[in-house]
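Undergrad: Contents are compact mmCIF, C-alpha atoms; file name coords.txt:
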# COMPACT_ATOMS: atom_id res chain seq x y z
CA MET A 1 0.00 0.00 0.00
CA ASP A 2 0.97 3.60 -0.45
CA PRO A 3 2.29 5.63 2.48
CA CYS A 4 0.07 8.05 4.40
CA SER A 5 0.26 11.78 3.79
CA PHE A 6 1.93 13.91 6.46
CA VAL A 7 3.09 17.52 6.32
CA ARG A 8 5.84 19.13 8.38
CA ILE A 9 6.08 22.81 9.27
CA LEU A 10 9.68 23.80 10.03
CA ILE A 11 10.65 27.03 11.81
CA GLY A 12 14.29 28.03 11.88
CA ASN A 13 17.07 30.58 11.29
CA LEU A 14 15.84 32.55 14.31
CA ALA A 15 17.37 35.86 15.37
CA LEU A 16 16.28 38.96 17.28
CA LYS A 17 17.70 42.47 17.18
CA PHE A 18 16.84 45.55 19.19
CA PRO A 19 17.02 49.21 18.23
CA VAL A 20 19.77 51.26 19.83
CA SER A 21 18.16 53.67 22.25
CA SER A 22 19.74 56.99 23.11
CA SER A 23 17.49 57.37 26.13
CA SER A 24 19.31 56.98 29.42
CA SER A 25 16.12 55.90 31.18
CA THR A 26 15.81 52.70 29.20
CA THR A 27 18.34 49.89 29.25
CA LYS A 28 18.80 47.90 26.06
CA LEU A 29 17.76 44.28 26.63
CA SER A 30 20.25 41.60 25.70
CA PRO A 31 19.33 39.48 22.65
CA SER A 32 21.36 36.63 24.13
CA SER A 33 18.73 36.21 26.83
CA SER A 34 15.74 36.31 24.50
CA TYR A 35 13.49 33.42 23.52
CA CYS A 36 10.23 32.75 21.73
CA LYS A 37 7.24 30.48 22.17
CA ILE A 38 5.96 29.00 18.91
CA LYS A 39 2.30 27.98 18.72
CA LEU A 40 0.07 26.18 16.23
CA ASN A 41 -3.56 25.36 17.06
CA ASN A 42 -3.77 22.68 19.76
CA ASN A 43 -0.23 21.40 19.32
CA SER A 44 2.14 21.68 22.26
CA ASP A 45 3.96 25.01 22.37
CA GLN A 46 7.64 24.86 21.43
CA LEU A 47 10.34 27.06 22.95
CA ALA A 48 13.43 28.31 21.15
CA SER A 49 16.25 30.67 22.08
CA LEU A 50 16.99 33.69 19.91
CA ARG A 51 20.40 34.72 18.62
CA GLN A 52 21.59 38.21 17.83
CA THR A 53 22.37 37.19 14.25
CA HIS A 54 20.53 34.47 12.37
CA GLN A 55 22.37 31.27 11.50
CA GLU A 56 21.38 29.66 8.21
CA ASN A 57 20.12 26.07 7.96
CA THR A 58 19.12 25.72 11.61
CA VAL A 59 15.78 24.29 12.72
CA ALA A 60 14.34 25.44 16.05
CA ALA A 61 10.85 23.91 15.97
CA CYS A 62 8.81 21.47 13.93
CA PHE A 63 5.10 20.66 13.78
CA ASN A 64 3.88 17.41 12.20
CA LEU A 65 0.40 17.28 10.69
CA ASP A 66 -1.34 14.08 9.68
CA LYS A 67 -3.91 14.14 6.88
CA THR A 68 -6.82 14.81 9.24
CA GLN A 69 -5.11 17.85 10.78
CA PHE A 70 -3.90 19.04 7.40
CA ASP A 71 -7.36 18.78 5.82
CA ALA A 72 -8.93 20.59 8.80
CA ILE A 73 -6.67 23.61 8.25
CA LEU A 74 -7.42 23.65 4.52
CA GLU A 75 -11.15 23.42 5.16
CA LYS A 76 -11.07 26.21 7.76
CA ASN A 77 -9.12 28.51 5.45
CA LYS A 78 -11.60 27.79 2.65
CA SER A 79 -14.91 27.90 4.54
CA GLN A 80 -14.13 30.78 6.92
CA PRO A 81 -12.11 33.30 4.88
CA SER A 82 -13.60 36.21 6.83
CA LYS A 83 -11.93 34.94 10.01
CA GLY A 84 -8.56 34.75 8.30
CA SER A 85 -6.24 31.84 7.64
CA THR A 86 -4.90 29.53 10.33
CA CYS A 87 -1.77 31.21 11.65
CA LEU A 88 1.50 30.11 13.13
CA LYS A 89 2.07 32.35 16.17
CA ILE A 90 5.43 33.34 17.62
CA ASP A 91 5.45 35.07 21.01
CA VAL A 92 8.73 36.85 21.70
CA TYR A 93 10.16 37.39 25.19
CA SER A 94 13.31 38.93 26.59
CA VAL A 95 14.90 38.28 29.98
CA SER A 96 17.41 40.62 31.56
CA ASP A 97 18.78 41.51 34.98
CA GLU A 98 18.97 45.11 33.83
CA ILE A 99 15.37 45.98 33.05
CA SER A 100 14.07 49.53 32.80
CA CYS A 101 11.97 50.85 35.64
CA VAL A 102 9.05 51.10 33.24
CA SER A 103 8.98 47.39 32.34
CA GLY A 104 9.20 45.91 35.82
CA GLY A 105 10.78 42.50 36.52
CA GLY A 106 10.71 38.99 35.14
CA ASN A 107 10.22 37.99 31.51
CA LYS A 108 9.28 40.84 29.24
CA PHE A 109 6.74 40.07 26.52
CA LEU A 110 7.88 41.95 23.44
CA GLY A 111 5.07 41.00 21.11
CA ARG A 112 3.54 38.41 18.81
CA VAL A 113 4.15 37.63 15.16
CA SER A 114 1.44 35.79 13.21
CA VAL A 115 2.16 33.97 9.96
CA PRO A 116 -0.84 32.84 7.85
CA LEU A 117 -0.41 29.25 6.70
CA ASP A 118 -1.22 28.59 3.07
CA LEU A 119 -0.93 24.79 2.88
CA ARG A 120 -2.38 24.29 -0.60
CA GLY A 121 -0.24 21.78 -2.44
CA ALA A 122 1.92 21.06 0.63
CA GLU A 123 1.29 17.31 0.34
CA SER A 124 3.21 17.19 -2.94
CA ARG A 125 5.75 20.02 -2.89
CA ALA A 126 7.83 22.02 -0.45
CA SER A 127 7.52 25.78 -0.12
CA VAL A 128 8.90 28.62 1.98
CA ILE A 129 6.09 30.65 3.54
CA HIS A 130 8.27 33.29 5.14
CA ASN A 131 11.93 34.21 5.17
CA GLY A 132 13.17 37.53 6.56
CA TRP A 133 12.82 40.21 9.25
CA VAL A 134 9.53 41.40 10.79
CA CYS A 135 8.84 43.96 13.51
CA VAL A 136 7.43 42.83 16.85
CA GLY A 137 5.84 44.71 19.72
CA GLU A 138 3.47 47.65 20.04
CA ASN A 139 5.56 49.81 17.72
CA LYS A 140 5.47 47.43 14.75
CA ASN A 141 5.26 50.24 12.23
CA LYS A 142 7.81 52.45 13.91
CA LYS A 143 11.58 52.45 13.89
CA GLY A 144 11.76 51.80 17.65
CA SER A 145 10.52 48.20 17.58
CA ALA A 146 12.49 44.99 17.93
CA GLN A 147 12.85 42.83 14.82
CA LEU A 148 12.59 39.07 14.50
CA TYR A 149 14.20 37.07 11.70
CA PHE A 150 12.82 33.60 10.95
CA THR A 151 12.09 31.12 8.18
CA VAL A 152 8.93 29.02 7.89
CA ARG A 153 9.04 26.11 5.51
CA VAL A 154 6.30 23.58 4.71
CA GLU A 155 7.16 20.23 3.16
CA PRO A 156 5.55 16.83 2.51
CA ASP A 157 6.67 14.05 4.83
CA PRO A 158 4.94 10.78 3.76
CA ARG A 159 5.09 7.94 6.26
CA PHE A 160 4.28 4.26 6.42
CA VAL A 161 1.89 3.55 9.28
CA PHE A 162 1.66 0.19 11.05
CA GLN A 163 -0.60 -0.92 13.87
CA PHE A 164 -0.35 -3.96 16.13
CA GLY A 165 -3.52 -6.03 16.15
CA GLY A 166 -3.08 -6.71 19.86
CA GLU A 167 -0.61 -6.42 22.69
CA PRO A 168 2.92 -7.49 21.66
CA GLU A 169 3.12 -10.21 24.33
CA CYS A 170 0.06 -11.86 22.78
CA SER A 171 1.88 -12.47 19.46
CA PRO A 172 -0.47 -10.39 17.28
CA GLN A 173 -0.52 -9.57 13.60
CA VAL A 174 0.77 -6.18 12.50
CA PHE A 175 -1.23 -4.25 9.91
CA GLN A 176 -0.21 -1.54 7.50
CA VAL A 177 -2.75 1.28 7.66
CA GLN A 178 -3.77 3.64 4.88
CA GLY A 179 -6.79 5.73 5.83
CA SER A 180 -9.54 3.31 6.76
CA VAL A 181 -7.86 0.37 4.99
CA LYS A 182 -5.78 -2.17 6.94
CA GLN A 183 -3.67 -4.93 5.47
CA ALA A 184 -1.75 -7.58 7.45
CA VAL A 185 1.99 -7.41 6.69
CA PHE A 186 3.74 -9.00 9.70
CA THR A 187 3.14 -11.51 12.46
CA CYS A 188 4.77 -11.41 15.90
CA LYS A 189 6.01 -14.31 18.01
CA PHE A 190 6.60 -13.58 21.68
CA GLY A 191 8.51 -16.06 23.80
CA PHE A 192 11.28 -16.64 26.33
CA ARG A 193 14.95 -17.40 25.78
CA ASN A 194 16.67 -19.57 28.32
CA CYS A 195 20.26 -19.16 27.28
CA ASP A 196 22.62 -16.20 27.42
CA TRP A 197 22.90 -14.22 24.22
CA ASN A 198 26.40 -14.78 22.96
CA LEU A 199 27.46 -11.98 20.64
CA VAL A 200 30.62 -13.80 19.65
CA SER A 201 28.77 -16.85 18.48
CA ARG A 202 25.26 -15.77 17.53
CA PRO A 203 22.71 -18.46 16.70
CA SER A 204 21.67 -18.76 13.11
CA MET A 205 18.16 -17.77 12.10
CA THR A 206 17.07 -21.39 11.94
CA GLU A 207 18.60 -22.07 15.35
CA GLU A 208 16.70 -19.10 16.72
CA ASN A 209 13.43 -20.88 16.05
CA THR A 210 14.73 -23.95 17.90
CA LEU A 211 15.84 -21.88 20.89
CA MET A 212 12.35 -20.48 21.15
CA THR A 213 10.90 -24.00 21.32
CA CYS A 214 11.69 -25.56 24.68
CA LEU A 215 10.07 -28.33 26.68
CA PRO A 216 10.15 -28.63 30.48
CA SER A 217 11.54 -31.63 32.28
CA PHE A 218 10.57 -32.58 35.81
CA GLY A 219 10.63 -29.66 38.23
CA ILE A 220 8.53 -27.37 40.39
CA GLU A 221 7.17 -24.34 38.61
CA LYS A 222 7.78 -20.99 40.29
CA ASP A 223 7.15 -17.49 39.01
CA GLN A 224 10.47 -15.69 38.66
CA SER A 225 9.08 -12.31 37.62
CA SER A 226 9.07 -11.10 41.23
CA LYS A 227 12.88 -11.38 41.30
CA GLU A 228 13.94 -10.61 37.74
CA ARG A 229 12.48 -10.28 34.28
CA LYS A 230 14.69 -11.82 31.67
CA GLY A 231 14.79 -13.73 28.41
CA TRP A 232 11.87 -11.97 26.73
CA SER A 233 12.03 -12.02 22.95
CA ILE A 234 9.72 -11.01 20.13
CA THR A 235 10.35 -12.04 16.53
CA ILE A 236 8.76 -10.29 13.56
CA HIS A 237 7.90 -12.51 10.58
CA ASP A 238 6.71 -11.57 7.13
CA LEU A 239 3.61 -13.22 5.73
CA SER A 240 5.66 -16.07 4.26
CA GLY A 241 6.82 -16.95 7.78
CA SER A 242 10.41 -15.78 7.35
CA PRO A 243 11.88 -13.90 10.34
CA VAL A 244 12.73 -10.32 9.35
CA ALA A 245 13.54 -8.67 12.71
CA MET A 246 13.80 -9.50 16.38
CA ALA A 247 13.93 -7.72 19.74
CA SER A 248 15.77 -9.75 22.36
CA MET A 249 16.17 -8.86 26.04
CA VAL A 250 19.93 -9.18 26.64
CA THR A 251 20.23 -7.52 30.06
CA PRO A 252 17.68 -8.65 32.69
CA PHE A 253 15.41 -6.13 34.34
CA VAL A 254 16.21 -6.50 38.04
CA PRO A 255 15.38 -4.33 41.07
CA SER A 256 18.17 -2.23 42.53
CA PRO A 257 19.30 -3.30 46.03
CA GLY A 258 16.82 -2.29 48.71
CA SER A 259 14.10 -1.26 46.26
CA ASP A 260 11.48 -2.79 43.98
CA ARG A 261 12.34 -0.84 40.83
CA VAL A 262 14.82 -0.98 37.96
CA SER A 263 17.34 1.83 38.43
CA ARG A 264 19.00 4.09 35.88
CA SER A 265 22.41 2.88 37.06
CA ASN A 266 21.50 -0.72 36.16
CA PRO A 267 18.94 -0.62 33.34
CA GLY A 268 17.50 -3.54 31.49
CA ALA A 269 18.39 -3.71 27.81
CA TRP A 270 17.17 -5.06 24.48
CA LEU A 271 18.98 -5.69 21.24
CA ILE A 272 17.10 -4.96 18.02
CA LEU A 273 18.40 -7.44 15.45
CA ARG A 274 18.15 -7.73 11.70
CA PRO A 275 18.91 -10.72 9.48
CA GLY A 276 22.15 -10.75 7.52
CA ASN A 277 24.25 -13.54 6.02
CA TYR A 278 22.02 -16.22 7.58
CA THR A 279 22.48 -14.90 11.11
CA TRP A 280 21.16 -12.12 13.33
CA LYS A 281 23.07 -8.84 13.37
CA PRO A 282 22.55 -6.18 16.05
CA TRP A 283 21.16 -2.90 14.69
CA GLY A 284 20.15 -1.01 17.83
CA ARG A 285 20.16 -1.17 21.61
CA LEU A 286 17.30 -0.02 23.85
CA GLU A 287 17.78 0.51 27.59
CA ALA A 288 14.95 1.25 30.03
CA TRP A 289 14.57 1.98 33.74
CA ARG A 290 12.45 3.76 36.33
CA GLU A 291 13.46 7.36 36.89
CA PRO A 292 14.70 8.05 40.46
CA GLY A 293 12.31 9.79 42.79
CA ASN A 294 9.31 9.14 40.55
CA SER A 295 8.09 5.58 40.19
CA ASP A 296 5.59 6.64 37.49
CA THR A 297 8.20 7.69 34.94
CA LEU A 298 9.90 5.30 32.53
CA GLY A 299 13.30 6.46 31.31
CA TYR A 300 14.77 5.08 28.10
CA ARG A 301 17.76 5.42 25.81
CA PHE A 302 18.11 4.09 22.27
CA GLY A 303 21.35 3.85 20.34
CA LEU A 304 22.42 2.62 16.92
CA ILE A 305 25.15 0.02 16.65
CA HIS A 306 27.95 0.16 14.10
CA ASP A 307 28.53 -2.92 11.98
CA ASN A 308 31.02 -5.53 13.12
CA ILE A 309 31.41 -4.33 16.70
CA ALA A 310 30.24 -5.70 20.03
CA ALA A 311 26.69 -4.65 20.88
CA THR A 312 27.47 -3.19 24.30
CA SER A 313 25.97 0.02 25.66
CA ALA A 314 29.31 1.78 25.15
CA ALA A 315 29.35 0.79 21.46
CA ALA A 316 25.83 2.08 20.77
CA THR A 317 25.69 5.73 19.66
CA THR A 318 22.72 7.29 21.44
CA VAL A 319 20.17 8.93 19.15
CA VAL A 320 17.39 9.52 21.68
CA SER A 321 17.16 9.62 25.48
CA SER A 322 13.90 10.63 27.11
CA SER A 323 11.08 9.46 29.39
CA LEU A 324 7.40 8.50 29.37
CA SER A 325 4.68 8.39 31.98
CA SER A 326 4.03 4.77 32.89
CA LYS A 327 0.47 5.72 33.88
CA ARG A 328 -0.57 7.89 30.94
CA GLY A 329 1.74 6.47 28.29
CA GLY A 330 2.88 8.71 25.45
CA LYS A 331 4.82 8.59 22.21
CA PHE A 332 8.34 7.35 21.54
CA THR A 333 9.90 9.45 18.76
CA LEU A 334 13.10 9.36 16.74
CA ASP A 335 13.39 12.74 15.06
CA THR A 336 16.69 14.49 14.36
CA THR A 337 15.06 17.64 12.94
CA THR A 338 15.54 20.11 15.78
CA SER A 339 18.83 18.53 16.88
CA LEU A 340 20.37 19.89 13.67
CA ALA A 341 20.30 23.33 15.26
CA SER A 342 22.69 22.36 18.06
CA THR A 343 24.61 19.42 16.65
CA PRO A 344 26.23 20.04 13.26
CA VAL A 345 26.00 17.01 11.00
CA HIS A 346 27.29 18.67 7.87
CA SER A 347 30.51 20.37 6.99
CA PRO A 348 30.37 24.01 5.87
CA HIS A 349 30.59 22.73 2.27
CA SER A 350 27.85 20.11 2.48
CA SER A 351 24.57 20.26 0.59
CA CYS A 352 22.07 20.74 3.42
CA ASP A 353 19.91 23.76 2.59
CA PHE A 354 17.00 24.83 4.80
CA GLY A 355 15.66 26.98 2.02
CA SER A 356 15.70 24.40 -0.74
CA GLY A 357 15.36 21.27 1.36
CA SER A 358 18.03 19.40 -0.54
CA TRP A 359 19.66 16.64 1.47
CA PRO A 360 22.33 14.18 0.41
CA THR A 361 21.09 10.62 0.21
CA PRO A 362 22.38 8.05 2.74
CA GLY A 363 25.74 6.78 1.62
CA SER A 364 26.34 9.66 -0.76
CA ARG A 365 29.26 11.97 -0.32
CA PRO A 366 28.38 15.59 0.44
CA GLY A 367 30.27 18.67 -0.67
CA SER A 368 33.35 18.61 -2.79
CA GLY A 369 34.25 15.01 -2.01
CA SER A 370 37.26 15.74 0.17
CA GLY A 371 37.74 13.69 3.29
CA SER A 372 37.38 16.79 5.46
CA ASP A 373 33.70 16.96 4.52
CA PHE A 374 33.00 14.34 7.17
CA GLN A 375 34.75 15.99 10.10
CA PHE A 376 31.51 17.13 11.78
CA CYS A 377 29.46 14.12 10.80
CA THR A 378 28.57 11.31 13.18
CA TRP A 379 27.39 8.01 11.76
CA PRO A 380 23.80 7.92 13.07
CA SER A 381 22.97 11.55 12.31
CA PHE A 382 24.39 11.22 8.81
CA MET A 383 22.32 8.12 8.06
CA TYR A 384 19.11 9.20 9.82
CA ARG A 385 17.76 12.65 8.96
CA GLY A 386 14.58 14.46 9.94
CA PHE A 387 11.66 12.40 11.16
CA VAL A 388 12.63 8.73 11.45
CA MET A 389 9.87 6.97 13.37
CA SER A 390 7.41 7.20 16.25
CA SER A 391 5.38 4.71 18.24
CA THR A 392 2.50 5.12 20.66
CA VAL A 393 2.85 3.60 24.13
CA GLU A 394 -0.09 3.02 26.45
CA GLY A 395 0.17 3.25 30.23
CA VAL A 396 0.45 0.15 32.39
CA GLY A 397 -2.89 -1.60 32.83
CA LYS A 398 -4.29 -0.35 29.51
CA VAL A 399 -4.70 -2.40 26.36
CA SER A 400 -1.73 -1.47 24.19
CA LYS A 401 -1.80 -1.76 20.41
CA PRO A 402 1.18 0.33 19.34
CA GLU A 403 0.83 2.46 16.21
CA VAL A 404 4.12 2.96 14.40
CA GLU A 405 4.92 5.72 11.90
CA ILE A 406 8.07 5.45 9.78
CA GLY A 407 9.42 8.07 7.38
CA VAL A 408 9.32 6.79 3.80
CA GLN A 409 12.97 7.73 3.21
CA HIS A 410 14.03 5.29 5.93
CA VAL A 411 12.31 2.24 4.41
CA THR A 412 13.97 0.59 1.44
CA CYS A 413 12.98 -3.03 2.18
CA THR A 414 10.78 -5.17 4.40
CA GLU A 415 13.55 -5.61 6.97
CA ASP A 416 13.81 -1.84 7.45
CA ALA A 417 10.16 -1.53 8.46
CA ALA A 418 10.32 -4.71 10.57
CA ALA A 419 13.26 -3.37 12.62
CA TYR A 420 11.25 -0.31 13.65
CA VAL A 421 8.24 -2.50 14.46
CA ALA A 422 10.48 -4.66 16.68
CA LEU A 423 11.80 -1.52 18.40
CA ALA A 424 8.24 -0.37 19.06
CA ALA A 425 7.40 -3.76 20.56
CA ALA A 426 10.50 -3.69 22.81
CA LEU A 427 9.61 -0.27 24.20
CA ASP A 428 6.02 -1.33 24.82
CA LEU A 429 7.21 -4.45 26.65
CA SER A 430 9.65 -2.34 28.67
CA MET A 431 6.66 -0.63 30.30
CA ASP A 432 5.82 -4.03 31.84
CA ALA A 433 9.44 -5.03 32.45
CA CYS A 434 9.90 -1.84 34.51
CA LYS A 435 6.78 -2.31 36.61
CA LEU A 436 7.45 -2.29 40.32
CA PHE A 437 8.51 -5.75 41.41
CA SER A 438 5.87 -5.66 44.13
CA GLN A 439 3.30 -5.79 41.30
CA LYS A 440 2.40 -8.98 39.47
CA LEU A 441 2.79 -9.27 35.71
CA ARG A 442 0.10 -10.66 33.44
CA LYS A 443 0.34 -14.38 32.77
CA GLU A 444 1.78 -14.00 29.23
CA LEU A 445 4.84 -12.30 30.74
CA ARG A 446 5.42 -14.61 33.67
CA GLN A 447 8.13 -17.17 33.00
CA GLN A 448 8.04 -20.27 35.14
CA MET A 449 11.23 -21.64 36.69
CA ARG A 450 11.83 -25.13 35.32
CA ASN A 451 14.64 -27.42 34.30
CA TRP A 452 14.87 -26.80 30.56
CA PHE A 453 16.43 -28.68 27.74
CA VAL A 454 16.56 -27.72 24.08
CA VAL A 455 14.83 -29.96 21.60
Take the structure from the file and write it as structure tokens.

TA:
Amino acid sequence: MDPCSFVRILIGNLALKFPVSSSSSTTKLSPSSSYCKIKLNNNSDQLASLRQTHQENTVAACFNLDKTQFDAILEKNKSQPSKGSTCLKIDVYSVSDEISCVSGGGNKFLGRVSVPLDLRGAESRASVIHNGWVCVGENKNKKGSAQLYFTVRVEPDPRFVFQFGGEPECSPQVFQVQGSVKQAVFTCKFGFRNCDWNLVSRPSMTEENTLMTCLPSFGIEKDQSSKERKGWSITIHDLSGSPVAMASMVTPFVPSPGSDRVSRSNPGAWLILRPGNYTWKPWGRLEAWREPGNSDTLGYRFGLIHDNIAATSAAATTVVSSSLSSKRGGKFTLDTTTSLASTPVHSPHSSCDFGSGSWPTPGSRPGSGSGSDFQFCTWPSFMYRGFVMSSTVEGVGKVSKPEVEIGVQHVTCTEDAAAYVALAAALDLSMDACKLFSQKLRKELRQQMRNWFVV
């Protein structure tokens, strides 16, 4: 099926400058301590600092619109022209220790800039809505007002959307979604491993199926989930039954001494694996824990693993580290868009252009081709640009059917999509793995202690 339509609104190249006042009663506010709050409809407000001079090709904020949101803006602009177009709003503030006696203390609101959004054709082509200086404040039409420089760019961002047909531990099907149409594309197999994952001698893909099939010998069953949670594994298969990705718990989730929670200093960990040369190869590493001082917050860190190196936490290059509410759930997101403003991933001669939106393709060589072009470029940020993927996560105790969005540019084969689906499953299962050990897990997640032998 075709991907779903999404549109991204990028705001960047921010700068603020103040007029030079000859009045001795007013102190000039410092642009270095200025910031803005960027708003769009009911989306969460985004904060960004303001420089004295604008820096090209930086992104400070990004809003993602799915087709429903996009169509709603188009319809409003069309049906209610008298009320004006939907606007992007930028509230500008300045903070200074040396504030004039007239302004008082605290943050000083300088004014608001509104940018009408014309999104016609945005699903198929990129366009720059604004690029340049505008006046802010009460004196917008006078020479004494502050001026804000910014760029607003709208571009299509098609994504493949997948949805689990049930909770990952129940081994559901995974559907690709396009509007109201769903089509099964993957199946999941949840199970337990009962051997240590040996990265030096990884099992082959056929052996992996055998390791997942174990029979108990004589022994007394006892739930071990109250002491540790280990050996969980979920394998993603295509519709022909071939395994195309796997998430395997490689570090047990155990309570820290004297507590009933997994600590940040000793997190549990998953490897996300992809098939290659008739064996499993590590692609990413996900770590999860309970944040200290707040048992309702799940902390996580995901890193990409270079080829042909050990899949330890030190070897994984972190691309996202954040947290989620274990009660309310939330959304796990891999998006390098706004990180481009603070972490340079291109050399000064590379082909990234905020205005034109031209990006080098993965594996291509930017700039003039000299080796120095790569001096600022880290491996993950060079390979993964803009929006990569997101996955919904429900709170503990709620039925969780993760919905996964993946940027089209990051999917070139079935295994690409399956790896992100496996990552989504691992994060969802981490919500249960990080439950307080005083709480009982559901039966699908409780491994019984037995004497095992491999068939």

Undergrad: Rank A:Pro158, A:Thr392, A:Ala433, A:Ala422 by their smallest atom-to-atom distance to Ser171 in chain A, using all atoms listed in the file, and report the top residue only.

TA: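 Using all atoms listed in the file, Ser171 in chain A sits closest to A:Ala422.
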
Undergrad: To one decimal place in Å, what is the distance between CA of Ser322 in chain A and CA of Phe387 in chain A?

TA: 16.2 Å

Undergrad: Tell me which of A:Gly299, A:Pro172, A:Pro252, A:Gly276 sits closest to Thr187 in chain A, counting only C-alpha atoms.

TA: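 Smallest distance to Thr187 in chain A is found for A:Pro172.
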
Undergrad: Write out as a tab-separated table a residue-level contact list of range 132-180 of chain A versus range 398-421 of chain A with cut-off 12 Å: for each qualifying residue the closest pair of atoms and the distance in Å to one decimal, counting all atoms listed in the file, rows sorted by chain and residue number upward.

TA:
residue	atom	partner	partner_atom	distance
A:Pro156	CA	A:Gly407	CA	10.7
A:Asp157	CA	A:Gly407	CA	7.1
A:Pro158	CA	A:Val408	CA	5.9
A:Arg159	CA	A:Gly407	CA	4.5
A:Phe160	CA	A:Ile406	CA	5.2
A:Val161	CA	A:Glu405	CA	4.6
A:Phe162	CA	A:Val404	CA	5.0
A:Gln163	CA	A:Glu403	CA	4.4
A:Phe164	CA	A:Lys401	CA	5.0
A:Gly165	CA	A:Lys401	CA	6.3
A:Gly166	CA	A:Lys401	CA	5.1
A:Glu167	CA	A:Ser400	CA	5.3
A:Pro168	CA	A:Lys401	CA	7.5
A:Glu169	CA	A:Ser400	CA	10.0
A:Cys170	CA	A:Lys401	CA	10.5
A:Ser171	CA	A:Lys401	CA	11.4
A:Pro172	CA	A:Lys401	CA	9.3
A:Gln173	CA	A:Lys401	CA	10.4
A:Val174	CA	A:Val421	CA	8.6
A:Phe175	CA	A:Glu403	CA	9.4
A:Gln176	CA	A:Val404	CA	9.3
A:Val177	CA	A:Glu403	CA	9.3
A:Gln178	CA	A:Glu405	CA	11.4

Undergrad: So what do you get for CA of Val388 in chain A versus CA of Gly241 in chain A, distance-wise?

TA: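 Spanning CA of Val388 in chain A to CA of Gly241 in chain A is a straight-line distance of 26.6 Å.
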
Undergrad: Using all atoms listed in the file, which of A:Arg442, A:Lys331, A:Arg285, A:Arg125 sits nearest Ala426 in chain A?

TA: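 The shortest atom-to-atom distance to Ala426 in chain A comes from A:Arg285.
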
Undergrad: Which residues, written as a PyMOL selection string, have at least one atom at most 6 Å from range 262-274 of chain A, with only C-alpha atoms counted and residues fewer than 4 positions away on the same chain left out?

TA: chain A and resi 245-256+280-290

Undergrad: Using the selection just defined, write its residues with C-alpha atoms as a JSON list (two decimals), in the frame of the given file.

TA:
[["chain", "number", "residue", "atom", "x", "y", "z"],
["A", 245, "ALA", "CA", 13.54, -8.67, 12.71],
["A", 246, "MET", "CA", 13.80, -9.50, 16.38],
["A", 247, "ALA", "CA", 13.93, -7.72, 19.74],
["A", 248, "SER", "CA", 15.77, -9.75, 22.36],
["A", 249, "MET", "CA", 16.17, -8.86, 26.04],
["A", 250, "VAL", "CA", 19.93, -9.18, 26.64],
["A", 251, "THR", "CA", 20.23, -7.52, 30.06],
["A", 252, "PRO", "CA", 17.68, -8.65, 32.69],
["A", 253, "PHE", "CA", 15.41, -6.13, 34.34],
["A", 254, "VAL", "CA", 16.21, -6.50, 38.04],
["A", 255, "PRO", "CA", 15.38, -4.33, 41.07],
["A", 256, "SER", "CA", 18.17, -2.23, 42.53],
["A", 280, "TRP", "CA", 21.16, -12.12, 13.33],
["A", 281, "LYS", "CA", 23.07, -8.84, 13.37],
["A", 282, "PRO", "CA", 22.55, -6.18, 16.05],
["A", 283, "TRP", "CA", 21.16, -2.90, 14.69],
["A", 284, "GLY", "CA", 20.15, -1.01, 17.83],
["A", 285, "ARG", "CA", 20.16, -1.17, 21.61],
["A", 286, "LEU", "CA", 17.30, -0.02, 23.85],
["A", 287, "GLU", "CA", 17.78, 0.51, 27.59],
["A", 288, "ALA", "CA", 14.95, 1.25, 30.03],
["A", 289, "TRP", "CA", 14.57, 1.98, 33.74],
["A", 290, "ARG", "CA", 12.45, 3.76, 36.33]]

Undergrad: So the first atom is CA of Leu88 in chain A and the second is CA of Lys67 in chain A; what is the distance between them in Å, to one decimal place?

TA: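 Answer for the CA of Leu88 in chain A to CA of Lys67 in chain A separation: 18.0 Å.
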
Undergrad: Given only C-alpha atoms as the basis, pick out the residue of A:Leu40, A:Leu14, A:Ile234, A:Cys87 nearest to Tyr149 in chain A.

TA: A:Leu14

Undergrad: Pick out the residues sitting within 7 Å of Gln147 in chain A, and hand them over as number ranges by chain; count only C-alpha atoms, and ignore anything fewer than 6 positions along from it in its own chain.

TA: A: 16-18, 133-136

Undergrad: Could you list, as a list in words, every residue within 12 Å of Val113 in chain A, counting only C-alpha atoms and ignoring same-chain residues fewer than 3 positions away?

TA: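 Neighbouring residues, sequence-local ones excluded: Cys36, Lys37, Ile38, Lys39, Cys87, Leu88, Lys89, Ile90, Asp91, Val92, Tyr93, Phe109, Leu110, Pro116, His130, Trp133, Val134, Cys135, Val136, Gly137, Glu138, Lys140, Ala146, Gln147, Leu148, Tyr149 and Phe150 of chain A.
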
Undergrad: Do a neighbour search on Thr86 in chain A at 9 Å with all atoms listed in the file, toss out local chain neighbours closer than 4 positions, and write the hits as a list of chain:residue names.

TA: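 Skipping anything fewer than 4 positions along the chain leaves A:Leu40, A:Asn41, A:Ile73, A:Leu74, A:Lys76, A:Asn77, A:Val115, A:Pro116, A:Leu117, A:Asp118.
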